[in-house]
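Just below is one structure, and these are the notes that go with it.
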Amino acid sequence: MFDALRQAGFDIMVRNHAEAILSVDFPNETKELTEALLRVSIPAQELIASGGGEAKSTQRLRRELDQAGWRKHHFRIQTTLDGIPLGDGTSHEIDHIRRAPAGTLALEIEWNNKDPFFDRDLENFQRLHAQGIISAGIIVTRGSDLQATMTARIEDFLRRSGIEDEAPLTALGMKDRTARQRDFVARAMASGADFAAAFARFFVSDKFGPATTHWAKLADRIHRGVGNPCPLLLIGLPSTAISGDPLPETPSAPSLFDE
């Protein structure tokens, strides 16, 4: 049921019979998610403007899921004895919950957090599934190809847009750079690199580095059994989710994603 995503370059991993559960009990909800993911388009300029945080397009995906019924929810589990609470209980906040007649799905988008957030998500899914609260857990993150090619995609965007210094990037909304960040770019350019190559290399390593949430870090945890035995669907966004279109020379019509 995930052929469309696989054909579009998404990384897909399923564990503990998640595909069977989703196809039989949650076909409509899975279709909602698939269609939303196939519409994801993140302009390279938004990656830079966000300073490495969650891109505006990813925020729009969250809003789109919310409108489809995948809403944030705070679970609180309290054990009682003869009606008397024992301890303070536990709580689990999930960014996207989708309720259906057959059960409940939990989904987290980890675009660019520190990679221990994967442990938190998977362990939350494990506990909620053990309590019979959710039927499956879903994580969406940066895919392997997207992670591997992000430097090249940003470098290509800068070069095609004719950007040769940080001034146009500041105008896009990029956060102020530190002295360390500026010095790295200056030293790389002094060694022969152009601005596009120097900036892209440091920006990606600094903001989307190996210790952040991406496919390899998620896959490592899955292979170690983190989250078992909860049924899991893991999705990695492909490199094609990044649009490398250069900046227009004249103002363009508003994007459909800018609603």
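FYI, nothing fancy with the structure tokens labels: chains A, B, ... in order, residues from 1 per chain, ligands from 1 as they appear.
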Quick one: residues within 6 Å of range 203-220 of chain A, only C-alpha atoms, excluding same-chain residues fewer than 3 positions away - as a PDB file with C-alpha atoms, in the first residue's frame?
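File produced: out_33.pdb:
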```
ATOM      1  CA  GLY A  52      17.956  24.680  10.247  1.00  0.00           C
ATOM      2  CA  ASN A 112      15.388  18.407  12.625  1.00  0.00           C
ATOM      3  CA  ASN A 113      15.674  17.562  16.302  1.00  0.00           C
ATOM      4  CA  LYS A 114      18.505  15.984  18.237  1.00  0.00           C
ATOM      5  CA  ASP A 115      18.455  12.258  17.460  1.00  0.00           C
ATOM      6  CA  THR A 141      11.874  12.170   9.131  1.00  0.00           C
ATOM      7  CA  ARG A 142      14.519  13.163   6.570  1.00  0.00           C
ATOM      8  CA  GLY A 143      15.245  10.252   4.235  1.00  0.00           C
ATOM      9  CA  SER A 144      18.664   8.814   3.451  1.00  0.00           C
ATOM     10  CA  THR A 151      24.571  20.088   0.780  1.00  0.00           C
ATOM     11  CA  PHE A 199      28.245  28.262   2.865  1.00  0.00           C
ATOM     12  CA  ALA A 200      26.311  25.107   1.923  1.00  0.00           C
ATOM     13  CA  HIS A 223      17.318  -2.521  14.177  1.00  0.00           C
TER      14      HIS A 223
END
```
| said: For range 179-189 of chain A, find every residue with an atom within 9 Å (counting only C-alpha atoms), except residues of its own chain fewer than 4 positions away, and show them as a ChimeraX atom specification. | reply: /A:193-195,197-199,201-203,206
Generate the output file for the selected residues, N, CA and C atoms, as an mmCIF file, in the first residue's frame.
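Produced file selection-v6.cif, reproduced below:
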```cif
data_model
loop_
_atom_site.group_PDB
_atom_site.id
_atom_site.type_symbol
_atom_site.label_atom_id
_atom_site.label_comp_id
_atom_site.auth_asym_id
_atom_site.auth_seq_id
_atom_site.Cartn_x
_atom_site.Cartn_y
_atom_site.Cartn_z
ATOM 1 N N ALA A 193 37.302 28.000 -2.411
ATOM 2 C CA ALA A 193 35.896 27.649 -2.625
ATOM 3 C C ALA A 193 35.085 28.907 -2.902
ATOM 4 N N ASP A 194 34.052 28.770 -3.731
ATOM 5 C CA ASP A 194 33.168 29.919 -3.911
ATOM 6 C C ASP A 194 32.187 29.967 -2.748
ATOM 7 N N PHE A 195 31.405 31.060 -2.670
ATOM 8 C CA PHE A 195 30.507 31.237 -1.536
ATOM 9 C C PHE A 195 29.500 30.099 -1.448
ATOM 10 N N ALA A 197 29.605 26.930 -2.329
ATOM 11 C CA ALA A 197 30.158 25.691 -1.786
ATOM 12 C C ALA A 197 30.524 25.842 -0.313
ATOM 13 N N ALA A 198 31.145 26.972 0.039
ATOM 14 C CA ALA A 198 31.575 27.180 1.420
ATOM 15 C C ALA A 198 30.387 27.283 2.358
ATOM 16 N N PHE A 199 29.397 28.070 1.984
ATOM 17 C CA PHE A 199 28.245 28.262 2.865
ATOM 18 C C PHE A 199 27.450 26.972 3.005
ATOM 19 N N ARG A 201 28.249 23.829 2.615
ATOM 20 C CA ARG A 201 28.944 22.784 3.378
ATOM 21 C C ARG A 201 28.821 23.029 4.880
ATOM 22 N N PHE A 202 29.088 24.261 5.306
ATOM 23 C CA PHE A 202 29.060 24.521 6.739
ATOM 24 C C PHE A 202 27.635 24.586 7.263
ATOM 25 N N PHE A 203 26.733 25.175 6.504
ATOM 26 C CA PHE A 203 25.351 25.303 6.959
ATOM 27 C C PHE A 203 24.735 23.930 7.230
ATOM 28 N N ASP A 206 26.379 22.083 10.184
ATOM 29 C CA ASP A 206 26.084 22.736 11.450
ATOM 30 C C ASP A 206 24.629 22.532 11.876
#
```
| request: Taking the DSSP assignment computed from this structure's backbone, write out as an MDAnalysis selection string all residues of range 130-208 of chain A that belong to strand (DSSP E or B). | output: chainID A and resid 136:142
Output file for the residues above (N, CA and C atoms, as a CSV table (one decimal), in the first residue's frame):
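Printed below is again-v1.csv as written:
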```csv
chain,number,residue,atom,x,y,z
A,136,ALA,N,-0.9,1.7,16.2
A,136,ALA,CA,0.4,1.7,15.5
A,136,ALA,C,1.0,3.1,15.6
A,137,GLY,N,2.3,3.1,15.5
A,137,GLY,CA,3.1,4.4,15.6
A,137,GLY,C,3.8,4.7,14.3
A,138,ILE,N,3.8,6.0,13.9
A,138,ILE,CA,4.4,6.4,12.6
A,138,ILE,C,5.4,7.5,12.9
A,139,ILE,N,6.5,7.5,12.3
A,139,ILE,CA,7.5,8.6,12.4
A,139,ILE,C,7.9,9.0,10.9
A,140,VAL,N,7.9,10.3,10.7
A,140,VAL,CA,8.3,10.9,9.4
A,140,VAL,C,9.6,11.7,9.7
A,141,THR,N,10.6,11.5,8.9
A,141,THR,CA,11.9,12.2,9.1
A,141,THR,C,12.6,12.4,7.8
A,142,ARG,N,13.8,13.0,7.8
A,142,ARG,CA,14.5,13.2,6.6
A,142,ARG,C,15.0,11.8,6.1
```
| field | Those of range 104-196 of chain A in DSSP alpha helix (DSSP H), formatted as number ranges by chain | value | A: 116-130, 144-160, 167-172, 179-190, 195-196
Contacts between range 235-248 of chain A and range 36-134 of chain A, please, where a residue of range 36-134 of chain A counts if it comes within 12 Å (with only C-alpha atoms); show its shortest atom pair and distance in Å to one decimal, rows by chain and ascending number, as JSON lines.
```
{"residue": "A:Ala36", "atom": "CA", "partner": "A:Leu237", "partner_atom": "CA", "distance": 11.9}
{"residue": "A:Leu37", "atom": "CA", "partner": "A:Leu237", "partner_atom": "CA", "distance": 8.1}
{"residue": "A:Leu38", "atom": "CA", "partner": "A:Ala241", "partner_atom": "CA", "distance": 8.6}
{"residue": "A:Arg39", "atom": "CA", "partner": "A:Ala241", "partner_atom": "CA", "distance": 8.6}
{"residue": "A:Val40", "atom": "CA", "partner": "A:Ala241", "partner_atom": "CA", "distance": 6.0}
{"residue": "A:Ser41", "atom": "CA", "partner": "A:Ala241", "partner_atom": "CA", "distance": 4.9}
{"residue": "A:Ile42", "atom": "CA", "partner": "A:Ile242", "partner_atom": "CA", "distance": 4.7}
{"residue": "A:Pro43", "atom": "CA", "partner": "A:Ser243", "partner_atom": "CA", "distance": 4.5}
{"residue": "A:Ala44", "atom": "CA", "partner": "A:Gly244", "partner_atom": "CA", "distance": 5.4}
{"residue": "A:Gln45", "atom": "CA", "partner": "A:Leu247", "partner_atom": "CA", "distance": 8.0}
{"residue": "A:Glu46", "atom": "CA", "partner": "A:Ile242", "partner_atom": "CA", "distance": 9.5}
{"residue": "A:Leu47", "atom": "CA", "partner": "A:Ile242", "partner_atom": "CA", "distance": 8.9}
{"residue": "A:Ile48", "atom": "CA", "partner": "A:Gly244", "partner_atom": "CA", "distance": 11.8}
{"residue": "A:Ala55", "atom": "CA", "partner": "A:Ile242", "partner_atom": "CA", "distance": 10.5}
{"residue": "A:Ser57", "atom": "CA", "partner": "A:Ala241", "partner_atom": "CA", "distance": 9.9}
{"residue": "A:Thr58", "atom": "CA", "partner": "A:Ala241", "partner_atom": "CA", "distance": 10.4}
{"residue": "A:Leu107", "atom": "CA", "partner": "A:Ile235", "partner_atom": "CA", "distance": 10.6}
{"residue": "A:Glu108", "atom": "CA", "partner": "A:Ile235", "partner_atom": "CA", "distance": 10.4}
{"residue": "A:Ile109", "atom": "CA", "partner": "A:Ile235", "partner_atom": "CA", "distance": 9.5}
{"residue": "A:Glu110", "atom": "CA", "partner": "A:Gly236", "partner_atom": "CA", "distance": 9.9}
{"residue": "A:Trp111", "atom": "CA", "partner": "A:Leu237", "partner_atom": "CA", "distance": 9.3}
```
| Contacts of Cys230 in chain A at 12 Å or less, counting only C-alpha atoms, minus same-chain residues fewer than 2 places along, as a ChimeraX atom specification? | /A:14-18,21,105-106,121-138,222,225-228,232-233
| query | For His74 in chain A, which of A:Leu172, A:Ala167, A:Leu61, A:Ile94 is the closest residue, counting only C-alpha atoms? | reply |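 The closest residue to His74 in chain A is A:Ile94.
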| said: One decimal, in Å: what's the spacing between CA of Ala49 in chain A and CA of Leu234 in chain A? | reply: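 Separating CA of Ala49 in chain A from CA of Leu234 in chain A is a distance of 27.4 Å.
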| said: Rounded to one decimal, what separation in Å do you get between CA of Ile12 in chain A and CA of Asp119 in chain A? | reply: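 Answer for the CA of Ile12 in chain A to CA of Asp119 in chain A separation: 18.6 Å.
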| query | To one decimal place, how far is CA of Glu35 in chain A from CA of Arg153 in chain A in Å? | reply |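 We find that CA of Glu35 in chain A and CA of Arg153 in chain A lie 24.3 Å from each other.
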